[in-house]
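J.: Have a look at the structure that comes next, please.
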Amino acid sequence: MANQEGPTITRTRRKTQHGSTLADLHQALEDYLPVLLGLTKDGCQLQFKVQFNWINQEDEEEETAMSNVWYEVLSVLHLMAMLQMSQANLLLLPRGSTDGYRPKVSEENRRASIDIFLRAAGYLDCAVKHVLPQFSAEQRRSLPVDLAEGALRALCLQALGQGVDIQLGIAIDSSKATLAVKRRLSCEMVKYWQQAQDNLTNLPLANGWGEKHMLFVKWKYVEAKAAAYYYHGLILDEGNTEKSHGMAVAALQAADECFKESKKASEAFNASSPTSRTPPLFGTMKYLSEKIPKETSSKVRINRDLYSYEKIMETAPTLPDFALALKPDEYQLPSVDASWSEDRTKSSSSHITGNQR
């Protein structure tokens, strides 16, 4: 369904039909999973006899076939998560507004996308905690890199990181959100993206898409650091001491450096094969792209007029360490479909045997 729909979507159809295709495919997978889990029942002779074949995205091998039903369950959960993340990203596309201003993303869509990202993270969290343990160490080595534990954890953290990014954008637009709230959200975002990057570091990502995935995570990690240092610098600048003002300048300079680095990381991501268009800045980074250079230049000038150069810190202060608030939705594998009940299974087996004879 996805492969057939994708290449034929036109600009006018993208907003309606593509979203419904994702929803239809997700529903089909939800309906399939309870039936599939029947193959995992104790005593089921088909558990390791049915071969499942999937095309890989980030592995050196183009596709992987395994005669293990848990490989199919893992692949289905992975695809369900990817569909949810695609659905969330569709909601974040700017729409034309009725007030005549430039296209924007409604707060309703932003809040809905956070819920969807958490659902995607829940599928991946379930895959790591409850499906991967069904594989032996040797079987895990046979899995494509797309389904390696590090890749699944990274995607889960990526979904959470994107969720916090949207929360920060909502906070920026709110007159009630304090600097402390914005700093906490941006510092949490740094941790999510850093952990995502750490989980991908030692994986043999290949095939174009894998390398591009790594570049994407690096880009978002550096962006998050720019936001965190910016808000940390503004709070430090509220202090009344020479030391706090010096630390504020150092934090804002770090924010400016990270912002410049994020632009280079974005260019590297888009230039990497398969190439993609550089999107216009939007959301959190659109706001910060205007604020960071301006605030940094202003605070550096003011503080260097007040204090000697030696009093200005040359290294950025350590960012505060906040506990991560966003958690994946709790997702449990569904119950086995009723079609696998003992009586019905015996009936089906007798019917099949009769037909074979």
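Simple scheme: letters A, B, ... for chains in structure tokens order, numbers from 1 for residues in each chain, numbers from 1 for ligands in the order shown.
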For region 26-28 of chain A, work out the shell of residues within 12 Å, counting only C-alpha atoms and skipping chain neighbours fewer than 4 positions away, then give it as a PyMOL selection string.

T.: chain A and resi 1-2+19-22+32-35+76-87+120

J.: In region 72-215 of chain A, what's alpha helix (DSSP H) per DSSP? Answer as number ranges by chain?

T.: A: 72-91, 107-126, 137-142, 149-173, 179-201, 209-215

J.: Pick the closest to Asn207 (chain A) from A:Leu326, A:Leu333, A:Leu90, A:Val145: which is it, counting only C-alpha atoms?

T.: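 Going through A:Leu326, A:Leu333, A:Leu90, A:Val145 one by one, the smallest distance to Asn207 (chain A) is for A:Val145.
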
J.: Within 6 Å of Thr296 (chain A), counting only C-alpha atoms, which residues qualify if same-chain residues fewer than 4 places away don't, as a PyMOL selection string?

T.: chain A and resi 252+292+300

J.: Which residue gives the smallest distance to Tyr192 (chain A) among A:Ala226, A:Leu319, A:Leu324, A:Ala265, with only C-alpha atoms counted?

T.: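 Nearest candidate to Tyr192 (chain A) out of A:Ala226, A:Leu319, A:Leu324, A:Ala265: A:Leu324.
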
J.: Identify which of the residues A:Ser186, A:Thr40, A:Asn56, A:Asn89 lies closest to Phe322 (chain A), counting only C-alpha atoms when measuring atom-to-atom distances.

T.: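 Going through A:Ser186, A:Thr40, A:Asn56, A:Asn89 one by one, the smallest distance to Phe322 (chain A) is for A:Ser186.
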
J.: Neighbouring residues of Cys187 (chain A) were defined as those with any atom within 9 Å, considering only C-alpha atoms; residues of the same chain fewer than 3 positions away were excluded. Please report them as a compact mmCIF listing (two decimals) with N, CA and C atoms, in the first residue's frame.

T.:
```txt
# COMPACT_ATOMS: atom_id res chain seq x y z
N LYS A 182 11.40 26.62 29.69
CA LYS A 182 12.00 26.47 28.36
C LYS A 182 13.40 25.86 28.45
N ARG A 183 14.14 26.26 29.49
CA ARG A 183 15.47 25.67 29.67
C ARG A 183 15.37 24.19 29.99
N ARG A 184 14.44 23.84 30.87
CA ARG A 184 14.29 22.42 31.23
C ARG A 184 13.94 21.58 30.01
N VAL A 190 18.22 17.77 24.65
CA VAL A 190 19.63 17.43 24.43
C VAL A 190 19.90 15.99 24.85
N LYS A 191 19.39 15.60 26.00
CA LYS A 191 19.64 14.24 26.52
C LYS A 191 19.02 13.17 25.62
N TYR A 192 17.80 13.42 25.14
CA TYR A 192 17.16 12.44 24.25
C TYR A 192 17.99 12.23 22.98
N ALA A 224 19.44 21.00 19.43
CA ALA A 224 18.97 20.97 20.81
C ALA A 224 19.96 21.67 21.74
N LYS A 225 21.26 21.45 21.50
CA LYS A 225 22.28 22.11 22.33
C LYS A 225 22.23 23.63 22.17
N ALA A 227 19.59 25.43 21.59
CA ALA A 227 18.45 25.91 22.38
C ALA A 227 18.76 25.87 23.88
N ALA A 228 19.38 24.78 24.33
CA ALA A 228 19.68 24.62 25.76
C ALA A 228 20.65 25.69 26.25
N TYR A 229 21.72 25.91 25.50
CA TYR A 229 22.70 26.93 25.91
C TYR A 229 22.09 28.34 25.88
N HIS A 232 19.84 28.62 28.97
CA HIS A 232 20.71 28.59 30.15
C HIS A 232 21.43 29.93 30.28
N LEU A 319 25.58 22.27 31.28
CA LEU A 319 24.12 22.39 31.25
C LEU A 319 23.52 21.67 32.45
N PRO A 320 22.42 22.17 32.99
CA PRO A 320 21.74 21.48 34.09
C PRO A 320 21.29 20.09 33.65
N ASP A 321 21.25 19.17 34.59
CA ASP A 321 20.85 17.79 34.31
C ASP A 321 19.45 17.55 34.86
N PHE A 322 18.46 17.52 33.98
CA PHE A 322 17.08 17.30 34.40
C PHE A 322 16.65 15.87 34.09
```

J.: Using only C-alpha atoms for the distances, tell me which of A:Tyr287, A:Phe48, A:Trp193, A:Trp219 is nearest to Lys264 (chain A).

T.: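 Of A:Tyr287, A:Phe48, A:Trp193, A:Trp219, the one nearest Lys264 (chain A), counting only C-alpha atoms, is A:Trp219.
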
J.: Report as a PyMOL selection string all protein, DNA and RNA residues lying within 12 Å of Thr284 (chain A), evaluated on only C-alpha atoms, omitting residues in the same chain fewer than 2 positions from it.

T.: chain A and resi 105+162+164-173+182+185-186+189+220+223-224+226-228+281-282+286-292

J.: For N, CA, C and O atoms, I'd like the residues from the last selection saved as a tab-separated table (two decimals), in the first residue's frame.

T.:
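In the end it all went to part-v2.tsv:
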```tsv
chain	number	residue	atom	x	y	z
A	105	VAL	N	1.46	25.80	11.71
A	105	VAL	CA	0.98	24.55	12.29
A	105	VAL	C	0.12	24.90	13.50
A	105	VAL	O	0.56	25.64	14.39
A	162	GLN	N	11.63	14.40	19.46
A	162	GLN	CA	10.78	15.23	18.61
A	162	GLN	C	9.56	15.72	19.39
A	162	GLN	O	9.08	16.83	19.19
A	164	VAL	N	9.48	16.43	22.63
A	164	VAL	CA	9.93	17.53	23.49
A	164	VAL	C	10.17	18.79	22.66
A	164	VAL	O	9.89	19.91	23.11
A	165	ASP	N	10.67	18.62	21.45
A	165	ASP	CA	10.89	19.76	20.55
A	165	ASP	C	9.57	20.50	20.33
A	165	ASP	O	9.51	21.75	20.36
A	166	ILE	N	8.49	19.75	20.14
A	166	ILE	CA	7.18	20.37	19.93
A	166	ILE	C	6.70	21.03	21.21
A	166	ILE	O	6.13	22.13	21.19
A	167	GLN	N	6.94	20.38	22.34
A	167	GLN	CA	6.58	20.99	23.63
A	167	GLN	C	7.29	22.33	23.82
A	167	GLN	O	6.69	23.30	24.28
A	168	LEU	N	8.57	22.38	23.44
A	168	LEU	CA	9.34	23.61	23.56
A	168	LEU	C	8.75	24.69	22.65
A	168	LEU	O	8.63	25.86	23.05
A	169	GLY	N	8.35	24.30	21.45
A	169	GLY	CA	7.74	25.26	20.53
A	169	GLY	C	6.45	25.84	21.10
A	169	GLY	O	6.19	27.05	20.97
A	170	ILE	N	5.65	24.99	21.73
A	170	ILE	CA	4.41	25.46	22.36
A	170	ILE	C	4.72	26.41	23.51
A	170	ILE	O	4.06	27.43	23.71
A	171	ALA	N	5.76	26.06	24.29
A	171	ALA	CA	6.17	26.92	25.41
A	171	ALA	C	6.65	28.28	24.92
A	171	ALA	O	6.36	29.32	25.53
A	172	ILE	N	7.38	28.30	23.82
A	172	ILE	CA	7.88	29.56	23.26
A	172	ILE	C	6.72	30.46	22.87
A	172	ILE	O	6.76	31.69	23.06
A	173	ASP	N	5.66	29.85	22.35
A	173	ASP	CA	4.49	30.64	21.91
A	173	ASP	C	3.60	31.05	23.07
A	173	ASP	O	2.67	31.85	22.88
A	182	LYS	N	11.40	26.62	29.69
A	182	LYS	CA	12.00	26.47	28.36
A	182	LYS	C	13.40	25.86	28.45
A	182	LYS	O	13.79	25.04	27.62
A	185	LEU	N	13.00	22.06	29.20
A	185	LEU	CA	12.60	21.31	28.00
A	185	LEU	C	13.77	21.17	27.02
A	185	LEU	O	14.00	20.08	26.46
A	186	SER	N	14.51	22.25	26.81
A	186	SER	CA	15.63	22.18	25.85
A	186	SER	C	16.75	21.29	26.37
A	186	SER	O	17.39	20.57	25.58
A	189	MET	N	15.70	17.78	25.84
A	189	MET	CA	15.82	17.45	24.42
A	189	MET	C	17.25	17.07	24.08
A	189	MET	O	17.50	16.13	23.30
A	220	LYS	N	19.90	17.16	14.78
A	220	LYS	CA	18.93	17.51	15.81
A	220	LYS	C	19.59	17.64	17.19
A	220	LYS	O	19.16	18.45	18.02
A	223	GLU	N	21.19	21.08	17.25
A	223	GLU	CA	20.11	22.06	17.36
A	223	GLU	C	19.63	22.16	18.81
A	223	GLU	O	19.41	23.26	19.34
A	224	ALA	N	19.44	21.00	19.43
A	224	ALA	CA	18.97	20.97	20.81
A	224	ALA	C	19.96	21.67	21.74
A	224	ALA	O	19.57	22.40	22.66
A	226	ALA	N	21.96	24.08	20.95
A	226	ALA	CA	21.86	25.52	20.72
A	226	ALA	C	20.72	26.10	21.57
A	226	ALA	O	20.88	27.16	22.21
A	227	ALA	N	19.59	25.43	21.59
A	227	ALA	CA	18.45	25.91	22.38
A	227	ALA	C	18.76	25.87	23.88
A	227	ALA	O	18.46	26.82	24.62
A	228	ALA	N	19.38	24.78	24.33
A	228	ALA	CA	19.68	24.62	25.76
A	228	ALA	C	20.65	25.69	26.25
A	228	ALA	O	20.44	26.31	27.31
A	281	LEU	N	13.42	27.06	7.85
A	281	LEU	CA	13.36	26.93	9.30
A	281	LEU	C	11.92	27.09	9.77
A	281	LEU	O	11.17	27.92	9.23
A	282	PHE	N	11.53	26.28	10.75
A	282	PHE	CA	10.18	26.40	11.28
A	282	PHE	C	10.21	26.03	12.76
A	282	PHE	O	11.18	25.49	13.27
A	286	LYS	N	13.18	28.28	14.02
A	286	LYS	CA	12.89	29.54	13.32
A	286	LYS	C	12.96	30.69	14.32
A	286	LYS	O	13.55	31.75	14.05
A	287	TYR	N	12.37	30.48	15.49
A	287	TYR	CA	12.41	31.49	16.55
A	287	TYR	C	13.84	31.72	17.03
A	287	TYR	O	14.30	32.86	17.14
A	288	LEU	N	14.55	30.63	17.31
A	288	LEU	CA	15.90	30.75	17.87
A	288	LEU	C	16.89	31.30	16.85
A	288	LEU	O	17.88	31.92	17.23
A	289	SER	N	16.65	31.06	15.57
A	289	SER	CA	17.57	31.57	14.54
A	289	SER	C	17.61	33.09	14.54
A	289	SER	O	18.59	33.71	14.12
A	290	GLU	N	16.51	33.71	14.98
A	290	GLU	CA	16.46	35.16	15.07
A	290	GLU	C	16.99	35.65	16.41
A	290	GLU	O	17.60	36.73	16.50
A	291	LYS	N	16.77	34.87	17.47
A	291	LYS	CA	17.11	35.31	18.82
A	291	LYS	C	18.58	35.08	19.19
A	291	LYS	O	19.22	35.94	19.82
A	292	ILE	N	19.11	33.90	18.84
A	292	ILE	CA	20.45	33.54	19.31
A	292	ILE	C	21.53	34.53	18.85
A	292	ILE	O	22.27	35.07	19.68
```
